[in-house]
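S.K.: Contents of structure_27.cif (mmCIF, C-alpha atoms (C1' of nucleotides) and all ligand atoms) are below:
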data_input
loop_
_atom_site.label_atom_id
_atom_site.label_comp_id
_atom_site.auth_asym_id
_atom_site.auth_seq_id
_atom_site.Cartn_x
_atom_site.Cartn_y
_atom_site.Cartn_z
CA MET A 1 138.99 122.04 118.42
CA VAL A 2 138.03 123.35 115.01
CA ARG A 3 136.31 126.66 114.58
CA VAL A 4 134.15 126.67 111.47
CA SER A 5 134.25 129.98 109.64
CA THR A 6 130.48 130.21 109.19
CA SER A 7 128.07 127.77 110.71
CA SER A 8 125.45 126.32 108.39
CA ARG A 9 122.87 127.70 110.79
CA ASP A 10 124.07 131.22 110.06
CA ASP A 11 124.07 130.46 106.34
CA LEU A 12 120.43 129.56 106.44
CA ALA A 13 119.57 132.63 108.50
CA GLU A 14 121.49 134.83 106.12
CA SER A 15 119.83 133.41 103.02
CA LEU A 16 116.46 134.25 104.54
CA ARG A 17 117.41 137.73 105.70
CA GLU A 18 118.94 138.77 102.41
CA ARG A 19 115.64 137.98 100.74
CA GLY A 20 113.67 140.08 103.17
CA LEU A 21 112.30 137.20 105.24
CA ARG A 22 112.43 137.11 109.02
CA VAL A 23 114.37 134.37 110.73
CA THR A 24 112.24 132.28 113.07
CA PRO A 25 112.73 128.95 114.84
CA GLN A 26 110.04 127.48 112.59
CA ARG A 27 111.84 128.52 109.44
CA ARG A 28 115.14 127.18 110.74
CA ALA A 29 113.51 123.83 111.44
CA ILE A 30 111.82 123.73 108.04
CA LEU A 31 115.02 124.56 106.20
CA ALA A 32 116.89 121.99 108.29
CA ALA A 33 114.51 119.33 106.98
CA PHE A 34 116.15 119.80 103.58
CA SER A 35 119.76 119.95 104.76
CA ALA A 36 119.32 116.58 106.46
CA GLY A 37 121.10 114.66 103.69
CA GLU A 38 118.35 112.89 101.77
CA ASN A 39 117.66 112.96 98.06
CA GLY A 40 115.44 116.02 97.96
CA HIS A 41 111.85 115.69 96.70
CA VAL A 42 109.89 115.88 99.91
CA THR A 43 106.21 116.51 100.51
CA ALA A 44 104.93 119.25 102.82
CA ASP A 45 104.00 116.47 105.19
CA ASP A 46 107.53 115.02 105.12
CA VAL A 47 108.81 118.45 106.04
CA PHE A 48 106.25 118.80 108.81
CA GLU A 49 107.14 115.41 110.30
CA ARG A 50 110.86 116.17 110.34
CA ALA A 51 110.52 119.70 111.62
CA VAL A 52 107.89 119.01 114.29
CA ALA A 53 110.25 116.51 115.89
CA GLY A 54 112.38 119.35 117.18
CA LEU A 55 109.63 121.91 117.54
CA PRO A 56 106.47 120.22 118.85
CA GLU A 57 104.22 123.27 118.65
CA LEU A 58 104.80 123.67 114.90
CA SER A 59 101.68 124.06 112.77
CA ARG A 60 101.08 122.62 109.33
CA ALA A 61 99.90 126.03 108.17
CA THR A 62 103.37 127.40 108.90
CA VAL A 63 104.95 124.63 106.86
CA TYR A 64 102.73 125.42 103.88
CA ASN A 65 103.24 129.17 104.30
CA THR A 66 107.00 128.83 104.57
CA LEU A 67 107.38 126.40 101.68
CA GLY A 68 105.39 128.86 99.58
CA GLU A 69 107.70 131.70 100.58
CA LEU A 70 110.82 129.65 99.92
CA VAL A 71 109.56 128.83 96.44
CA ARG A 72 108.63 132.46 95.86
CA VAL A 73 112.11 133.74 96.72
CA GLY A 74 113.76 130.98 94.73
CA LEU A 75 115.28 128.74 97.41
CA LEU A 76 113.14 125.73 96.45
CA GLN A 77 111.30 124.56 93.38
CA ARG A 78 107.94 122.86 93.27
CA VAL A 79 107.50 119.62 91.36
CA ASP A 80 103.85 119.01 90.54
CA GLY A 81 102.24 115.92 89.14
CA ALA A 82 99.90 113.20 90.30
CA GLY A 83 99.86 113.12 94.09
CA PRO A 84 101.07 115.72 96.55
CA THR A 85 103.40 118.53 95.51
CA LEU A 86 107.08 117.79 96.02
CA TYR A 87 109.59 120.42 97.07
CA ASP A 88 113.05 120.22 95.56
CA PRO A 89 116.08 122.06 96.96
CA ASN A 90 118.00 121.25 93.77
CA LEU A 91 117.57 124.32 91.59
CA ASP A 92 119.86 123.15 88.80
CA ARG A 93 117.87 123.86 85.65
CA THR A 94 119.71 121.18 83.70
CA HIS A 95 118.37 118.43 85.93
CA HIS A 96 115.06 116.79 85.12
CA HIS A 97 112.86 114.06 86.60
CA PHE A 98 111.90 110.46 86.09
CA ARG A 99 108.60 109.25 87.51
CA CYS A 100 108.22 105.51 88.02
CA LEU A 101 104.81 104.25 86.95
CA ARG A 102 105.08 101.25 89.24
CA CYS A 103 106.36 102.55 92.58
CA GLY A 104 105.67 106.25 92.08
CA SER A 105 109.22 107.32 92.95
CA LEU A 106 110.66 110.51 91.50
CA SER A 107 114.36 110.58 90.61
CA ASP A 108 116.71 113.21 89.29
CA ILE A 109 117.98 112.58 85.79
CA HIS A 110 120.12 114.36 83.25
CA LEU A 111 119.60 114.49 79.52
CA GLU A 112 122.03 114.47 76.65
CA GLY A 113 121.35 116.65 73.63
CA GLU A 114 118.43 118.69 74.85
CA GLU A 115 120.02 122.14 74.42
CA ASP A 116 118.64 122.71 70.93
CA VAL A 117 114.99 121.83 71.58
CA GLN A 118 112.91 124.79 70.61
CA LEU A 119 109.29 125.72 70.32
CA ALA A 120 107.81 125.50 66.83
CA GLU A 121 105.00 127.93 67.67
CA SER A 122 105.72 131.63 68.17
CA GLY A 123 104.43 134.26 70.57
CA TYR A 124 105.25 132.33 73.72
CA VAL A 125 107.72 133.63 76.30
CA VAL A 126 109.42 130.53 77.66
CA GLU A 127 110.66 130.87 81.19
CA ARG A 128 111.59 127.29 81.85
CA THR A 129 111.49 123.83 80.36
CA ARG A 130 110.59 120.76 82.36
CA VAL A 131 111.21 117.30 81.01
CA THR A 132 109.61 114.39 82.82
CA LEU A 133 110.29 110.85 81.72
CA GLU A 134 107.91 108.10 82.76
CA GLY A 135 108.43 104.36 82.89
CA LEU A 136 110.13 101.93 85.24
CA CYS A 137 112.89 102.93 87.63
CA PRO A 138 115.97 100.66 87.83
CA THR A 139 114.61 98.86 90.90
CA CYS A 140 111.16 98.19 89.46
CA ALA A 141 112.57 97.26 86.04
CA THR A 142 114.38 94.32 87.66
CA THR A 143 111.65 93.28 90.10
CA GLY A 144 108.98 92.15 87.67
CA ASP A 145 107.00 94.32 85.33
CA ARG A 146 103.57 94.52 86.95
CA ARG A 147 102.18 98.01 86.89
CA ARG A 148 100.90 99.41 90.12
CA MET B 1 71.81 114.55 50.87
CA VAL B 2 75.04 112.97 51.86
CA ARG B 3 75.09 109.61 53.53
CA VAL B 4 78.09 109.33 55.85
CA SER B 5 79.65 105.91 55.77
CA THR B 6 79.74 105.44 59.53
CA SER B 7 78.13 107.86 61.96
CA SER B 8 80.40 109.27 64.65
CA ARG B 9 77.99 107.85 67.21
CA ASP B 10 78.67 104.36 65.96
CA ASP B 11 82.39 105.07 65.88
CA LEU B 12 82.35 105.92 69.55
CA ALA B 13 80.33 102.85 70.43
CA GLU B 14 82.65 100.68 68.40
CA SER B 15 85.80 102.07 69.98
CA LEU B 16 84.36 101.17 73.37
CA ARG B 17 83.17 97.71 72.43
CA GLU B 18 86.41 96.69 70.77
CA ARG B 19 88.19 97.46 74.03
CA GLY B 20 85.83 95.32 76.07
CA LEU B 21 83.82 98.17 77.56
CA ARG B 22 80.04 98.26 77.53
CA VAL B 23 78.27 101.03 75.69
CA THR B 24 75.99 103.08 77.92
CA PRO B 25 74.19 106.40 77.55
CA GLN B 26 76.54 107.84 80.18
CA ARG B 27 79.62 106.83 78.24
CA ARG B 28 78.18 108.21 75.00
CA ALA B 29 77.55 111.54 76.71
CA ILE B 30 80.99 111.62 78.26
CA LEU B 31 82.73 110.85 74.99
CA ALA B 32 80.57 113.42 73.22
CA ALA B 33 81.96 116.05 75.59
CA PHE B 34 85.30 115.60 73.82
CA SER B 35 84.01 115.48 70.26
CA ALA B 36 82.33 118.83 70.76
CA GLY B 37 84.98 120.78 68.89
CA GLU B 38 87.02 122.51 71.59
CA ASN B 39 90.73 122.44 72.13
CA GLY B 40 90.91 119.36 74.34
CA HIS B 41 92.31 119.68 77.88
CA VAL B 42 89.17 119.48 79.96
CA THR B 43 88.72 118.82 83.65
CA ALA B 44 86.48 116.08 85.00
CA ASP B 45 84.13 118.83 86.03
CA ASP B 46 84.05 120.32 82.53
CA VAL B 47 83.09 116.88 81.24
CA PHE B 48 80.43 116.52 83.91
CA GLU B 49 78.90 119.90 83.11
CA ARG B 50 78.72 119.17 79.39
CA ALA B 51 77.45 115.64 79.76
CA VAL B 52 74.91 116.30 82.49
CA ALA B 53 73.19 118.83 80.22
CA GLY B 54 71.84 116.00 78.10
CA LEU B 55 71.60 113.41 80.84
CA PRO B 56 70.42 115.06 84.05
CA GLU B 57 70.72 111.99 86.27
CA LEU B 58 74.43 111.59 85.54
CA SER B 59 76.66 111.18 88.58
CA ARG B 60 80.12 112.62 89.07
CA ALA B 61 81.34 109.20 90.15
CA THR B 62 80.48 107.88 86.71
CA VAL B 63 82.44 110.67 85.09
CA TYR B 64 85.50 109.86 87.18
CA ASN B 65 85.08 106.11 86.64
CA THR B 66 84.66 106.49 82.92
CA LEU B 67 87.52 108.93 82.45
CA GLY B 68 89.70 106.46 84.33
CA GLU B 69 88.62 103.62 82.02
CA LEU B 70 89.16 105.71 78.91
CA VAL B 71 92.68 106.54 80.04
CA ARG B 72 93.31 102.89 80.92
CA VAL B 73 92.32 101.64 77.46
CA GLY B 74 94.23 104.42 75.76
CA LEU B 75 91.49 106.67 74.38
CA LEU B 76 92.54 109.65 76.51
CA GLN B 77 95.68 110.82 78.25
CA ARG B 78 95.91 112.51 81.61
CA VAL B 79 97.81 115.75 82.00
CA ASP B 80 98.76 116.35 85.62
CA GLY B 81 100.24 119.42 87.16
CA ALA B 82 99.18 122.14 89.55
CA GLY B 83 95.38 122.20 89.75
CA PRO B 84 92.88 119.58 88.65
CA THR B 85 93.82 116.78 86.26
CA LEU B 86 93.17 117.55 82.62
CA TYR B 87 92.04 114.93 80.12
CA ASP B 88 93.41 115.16 76.59
CA PRO B 89 91.90 113.34 73.59
CA ASN B 90 95.02 114.18 71.58
CA LEU B 91 97.23 111.11 71.91
CA ASP B 92 99.94 112.30 69.51
CA ARG B 93 103.17 111.62 71.38
CA THR B 94 105.03 114.30 69.50
CA HIS B 95 102.82 117.03 70.92
CA HIS B 96 103.76 118.65 74.20
CA HIS B 97 102.36 121.36 76.48
CA PHE B 98 102.87 124.94 77.45
CA ARG B 99 101.56 126.14 80.78
CA CYS B 100 101.04 129.87 81.21
CA LEU B 101 102.22 131.12 84.59
CA ARG B 102 99.91 134.11 84.42
CA CYS B 103 96.53 132.79 83.25
CA GLY B 104 97.06 129.08 83.90
CA SER B 105 96.09 128.03 80.40
CA LEU B 106 97.51 124.86 78.87
CA SER B 107 98.26 124.82 75.14
CA ASP B 108 99.51 122.22 72.73
CA ILE B 109 102.96 122.87 71.35
CA HIS B 110 105.42 121.12 69.11
CA LEU B 111 109.17 121.02 69.49
CA GLU B 112 111.96 121.04 66.98
CA GLY B 113 115.02 118.90 67.57
CA GLU B 114 113.93 116.78 70.49
CA GLU B 115 114.41 113.40 68.77
CA ASP B 116 117.94 112.85 70.02
CA VAL B 117 117.25 113.65 73.67
CA GLN B 118 118.34 110.73 75.76
CA LEU B 119 118.75 109.79 79.37
CA ALA B 120 122.29 110.02 80.74
CA GLU B 121 121.58 107.56 83.57
CA SER B 122 121.08 103.85 82.84
CA GLY B 123 118.73 101.19 84.20
CA TYR B 124 115.56 103.12 83.51
CA VAL B 125 112.89 101.81 81.14
CA VAL B 126 111.47 104.91 79.50
CA GLU B 127 107.90 104.56 78.36
CA ARG B 128 107.21 108.15 77.50
CA THR B 129 108.67 111.62 77.57
CA ARG B 130 106.69 114.67 78.57
CA VAL B 131 107.99 118.15 77.91
CA THR B 132 106.23 121.04 79.59
CA LEU B 133 107.29 124.58 78.89
CA GLU B 134 106.31 127.31 81.32
CA GLY B 135 106.14 131.05 80.83
CA LEU B 136 103.71 133.48 79.23
CA CYS B 137 101.24 132.49 76.55
CA PRO B 138 100.89 134.75 73.50
CA THR B 139 97.88 136.52 74.99
CA CYS B 140 99.45 137.18 78.38
CA ALA B 141 102.79 138.14 76.84
CA THR B 142 101.12 141.09 75.11
CA THR B 143 98.76 142.12 77.93
CA GLY B 144 101.28 143.27 80.51
CA ASP B 145 103.71 141.12 82.46
CA ARG B 146 102.17 140.88 85.91
CA ARG B 147 102.27 137.37 87.27
CA ARG B 148 99.03 136.00 88.58
"C1'" DA C 1 63.18 85.85 78.32
"C1'" DC C 2 66.85 85.38 81.64
"C1'" DC C 3 71.19 85.91 84.01
"C1'" DT C 4 74.93 88.23 85.73
"C1'" DA C 5 79.19 90.81 85.38
"C1'" DG C 6 79.61 95.29 84.56
"C1'" DC C 7 77.91 99.80 85.30
"C1'" DT C 8 75.66 103.65 87.71
"C1'" DT C 9 74.19 106.22 91.68
"C1'" DA C 10 73.88 109.54 95.98
"C1'" DG C 11 76.24 110.56 99.47
"C1'" DA C 12 80.01 109.68 102.60
"C1'" DT C 13 84.74 110.02 103.01
"C1'" DC C 14 89.45 111.06 101.93
"C1'" DG C 15 93.94 113.69 101.24
"C1'" DC C 16 96.09 117.76 100.32
"C1'" DA C 17 95.98 122.45 100.58
"C1'" DT C 18 94.29 127.02 101.92
"C1'" DC C 19 91.88 130.23 104.83
"C1'" DT C 20 90.47 132.64 109.20
"C1'" DA C 21 90.95 135.38 112.93
"C1'" DA C 22 93.20 135.64 117.22
"C1'" DT C 23 97.90 135.67 119.26
"C1'" DT C 24 102.78 136.02 119.36
"C1'" DT C 25 107.28 137.61 117.76
"C1'" DA C 26 111.32 139.49 115.07
"C1'" DC C 27 113.66 143.32 114.52
"C1'" DG C 28 114.23 148.31 113.29
"C1'" DA C 29 113.84 152.82 115.64
"C1'" DC C 30 114.77 155.21 119.55
"C1'" DG D 1 117.15 148.10 126.75
"C1'" DT D 2 112.21 149.42 125.44
"C1'" DC D 3 108.72 150.08 122.20
"C1'" DG D 4 105.83 149.72 118.17
"C1'" DT D 5 104.40 147.36 114.40
"C1'" DA D 6 104.39 144.56 110.40
"C1'" DA D 7 105.33 139.92 109.84
"C1'" DA D 8 104.79 135.39 111.30
"C1'" DT D 9 102.49 131.62 113.80
"C1'" DT D 10 98.65 128.93 115.45
"C1'" DA D 11 94.43 125.64 115.91
"C1'" DG D 12 90.82 124.70 113.71
"C1'" DA D 13 87.58 125.43 110.00
"C1'" DT D 14 86.90 125.20 105.27
"C1'" DG D 15 87.54 124.07 100.37
"C1'" DC D 16 88.30 121.24 96.44
"C1'" DG D 17 89.28 117.45 93.66
"C1'" DA D 18 89.02 112.76 93.78
"C1'" DT D 19 87.82 108.19 95.55
"C1'" DC D 20 84.99 104.94 98.03
"C1'" DT D 21 80.68 102.47 99.50
"C1'" DA D 22 77.01 99.62 99.08
"C1'" DA D 23 72.62 99.32 97.04
"C1'" DG D 24 70.19 99.20 92.60
"C1'" DC D 25 70.18 98.97 87.49
"C1'" DT D 26 71.31 97.29 82.73
"C1'" DA D 27 73.96 95.79 78.50
"C1'" DG D 28 74.59 92.17 76.14
"C1'" DG D 29 75.58 87.14 75.95
"C1'" DT D 30 72.92 82.59 76.11
MN MN E 1 115.08 117.11 91.49
MN MN E 2 97.38 118.28 74.42
ZN ZN E 3 109.87 102.08 90.66
ZN ZN E 4 98.31 133.27 79.69
#
Here is the file; what I need is its structure written in the form of structure tokens.
M.R.:
Amino acid sequence: MVRVSTSSRDDLAESLRERGLRVTPQRRAILAAFSAGENGHVTADDVFERAVAGLPELSRATVYNTLGELVRVGLLQRVDGAGPTLYDPNLDRTHHHFRCLRCGSLSDIHLEGEEDVQLAESGYVVERTRVTLEGLCPTCATTGDRRR
Amino acid sequence: MVRVSTSSRDDLAESLRERGLRVTPQRRAILAAFSAGENGHVTADDVFERAVAGLPELSRATVYNTLGELVRVGLLQRVDGAGPTLYDPNLDRTHHHFRCLRCGSLSDIHLEGEEDVQLAESGYVVERTRVTLEGLCPTCATTGDRRR
DNA sequence: ACCTAGCTTAGATCGCATCTAATTTACGAC
DNA sequence: GTCGTAAATTAGATGCGATCTAAGCTAGGT
């Protein structure tokens, strides 16, 4: 029988505590909704559905509150656009997004040669750069070109 | 007295007609809301407020319907993000946006050296690239650094 | 002048998100 | 272990931006 040095459960708890947040069953369940494999990019409602399965008394308000806190302390990033806000556990600032105009899917992408892009105007303090490409995802590009 | 070759009113009407849209008083008023100087980047409600001033019976549904048509035929672009959708009469694809994290303002920006940016993944059909920088606008950068 | 597809309208309805105010709980101090 | 309290949770109300409905109006072709 293998003894794991640190359980992932304790990791989650620790990452909350070290940021001054209390550890609650609700927060464990919400964080677990992201660890559950998947691609990332989930709506608040996705999170609620997954988390409420193991915690039936969970409230949507708690999901919104907690997602807000997790973004605030830097454990998640928000991805805004048309439609509901998506929450992304991938904090890698070199990854960007592709939004499919036909099926609406959002995928992670990487860019080549973007390091040197810089703002022509002055006076701005740039904290982050988001690049979003739009068009047809690989699936939709090969399944006919009708736009949704 | 100078005689202008084509009045801007007729220009607007023509740009509608040549795209197969009927010309109505409502659509004139809605388009006029963009011609009225300004920086661009207005919400549907901004447009409603400006247009209803000269056309009191105007309905919000018409504003939403018309803005949707104008985007569909390529006379406006949508700019989505946190908060209400903004409509932008500036269709220049080399202009991008800066979103201020303190005051929420959206400004036009231009980038240097973005031509060679390309997608590392394959199979995607890229129709357009949007770059959004986030941080502090010139005003907020010099008025203290509190985040809103 | 007439016809009709296209357009407009008030108000209902929707989806996502936030707020409220009462209750429960995590966790540091003892 | 007990206690006190700030933090967190809850159900439901509320808000806001946007879309839908279905009845009436009109631009523009014939
Ligand atoms: Mn991502
Ligand atoms: Mn713009
Ligand atoms: Zn697709
Ligand atoms: Zn600002």
S.K.: Tell me the residues of chain A close to chain D, meaning within 9 Å using all atoms listed in the file, as a compact mmCIF listing (two decimals) with C-alpha atoms, in the frame of the given file.
M.R.:
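Output file iface_24.txt follows:
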# COMPACT_ATOMS: atom_id res chain seq x y z
CA LEU A 21 112.30 137.20 105.24
CA ARG A 22 112.43 137.11 109.02
CA THR A 24 112.24 132.28 113.07
CA GLN A 26 110.04 127.48 112.59
CA GLU A 57 104.22 123.27 118.65
CA LEU A 58 104.80 123.67 114.90
CA SER A 59 101.68 124.06 112.77
CA ALA A 61 99.90 126.03 108.17
CA THR A 62 103.37 127.40 108.90
S.K.: Just checking: using all atoms listed in the file, which residue out of A:Val125, A:Asn90, A:Arg72, A:Arg27 ends up closest to ligand ZN 4 (chain E)?
M.R.: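 Once distances to ligand ZN 4 (chain E) are computed over all atoms listed in the file, the minimum belongs to A:Val125.
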S.K.: Write out as a ChimeraX atom specification every residue belonging to chain C that has an atom at most 9 Å from any atom of chain B, counting all atoms listed in the file.
M.R.: /C:6-10
S.K.: So what do you get for CA of Arg78 in chain B versus CA of Gly113 in chain A, distance-wise?
M.R.: 27.0 Å
S.K.: As a list in words, could you give me every residue of chain A near chain B (at most 6 Å apart, counting only C-alpha atoms)?
M.R.: Asp80, Gly81, Ala82, His110, Leu111, Glu112, Gly113, Glu114, Val117, Gln118, Leu119, Ala120, Gly123, Tyr124, Val125, Val126, Glu127, Arg128, Thr129, Arg130, Val131, Thr132, Leu133, Glu134, Gly135, Leu136, Cys137 and Pro138 of chain A
S.K.: Quick one, how far is CA of Ala29 in chain A from CA of Leu67 in chain A?
M.R.: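 For CA of Ala29 in chain A relative to CA of Leu67 in chain A, the distance reads 11.8 Å.
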S.K.: Counting only C-alpha atoms (C1' of nucleotides) and all ligand atoms, which protein, DNA or RNA residues come within 10 Å of ligand MN 2 (chain E), given as a PDB file with C-alpha atoms, keeping the file's coordinate frame?
M.R.:
ATOM      1  CA  ASN B  39      90.730 122.440  72.130  1.00  0.00           C
ATOM      2  CA  GLY B  40      90.910 119.360  74.340  1.00  0.00           C
ATOM      3  CA  HIS B  41      92.310 119.680  77.880  1.00  0.00           C
ATOM      4  CA  VAL B  42      89.170 119.480  79.960  1.00  0.00           C
ATOM      5  CA  GLN B  77      95.680 110.820  78.250  1.00  0.00           C
ATOM      6  CA  ARG B  78      95.910 112.510  81.610  1.00  0.00           C
ATOM      7  CA  VAL B  79      97.810 115.750  82.000  1.00  0.00           C
ATOM      8  CA  LEU B  86      93.170 117.550  82.620  1.00  0.00           C
ATOM      9  CA  TYR B  87      92.040 114.930  80.120  1.00  0.00           C
ATOM     10  CA  ASP B  88      93.410 115.160  76.590  1.00  0.00           C
ATOM     11  CA  PRO B  89      91.900 113.340  73.590  1.00  0.00           C
ATOM     12  CA  ASN B  90      95.020 114.180  71.580  1.00  0.00           C
ATOM     13  CA  LEU B  91      97.230 111.110  71.910  1.00  0.00           C
ATOM     14  CA  ASP B  92      99.940 112.300  69.510  1.00  0.00           C
ATOM     15  CA  ARG B  93     103.170 111.620  71.380  1.00  0.00           C
ATOM     16  CA  THR B  94     105.030 114.300  69.500  1.00  0.00           C
ATOM     17  CA  HIS B  95     102.820 117.030  70.920  1.00  0.00           C
ATOM     18  CA  HIS B  96     103.760 118.650  74.200  1.00  0.00           C
ATOM     19  CA  HIS B  97     102.360 121.360  76.480  1.00  0.00           C
ATOM     20  CA  PHE B  98     102.870 124.940  77.450  1.00  0.00           C
ATOM     21  CA  LEU B 106      97.510 124.860  78.870  1.00  0.00           C
ATOM     22  CA  SER B 107      98.260 124.820  75.140  1.00  0.00           C
ATOM     23  CA  ASP B 108      99.510 122.220  72.730  1.00  0.00           C
ATOM     24  CA  ILE B 109     102.960 122.870  71.350  1.00  0.00           C
TER      25      ILE B 109
END
S.K.: When you draw a straight line from CA of Ala33 in chain B to C1' of DA5 in chain C, how long is it in Å?
M.R.: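 For CA of Ala33 in chain B relative to C1' of DA5 in chain C, the distance reads 27.2 Å.
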S.K.: Can you list, as an NGL selection string, every protein, DNA or RNA residue that comes within 8 Å of Ala13 in chain A when you count all atoms listed in the file, leaving out same-chain residues fewer than 3 positions away?
M.R.: :A and (9-10 or 16-17 or 23 or 28)
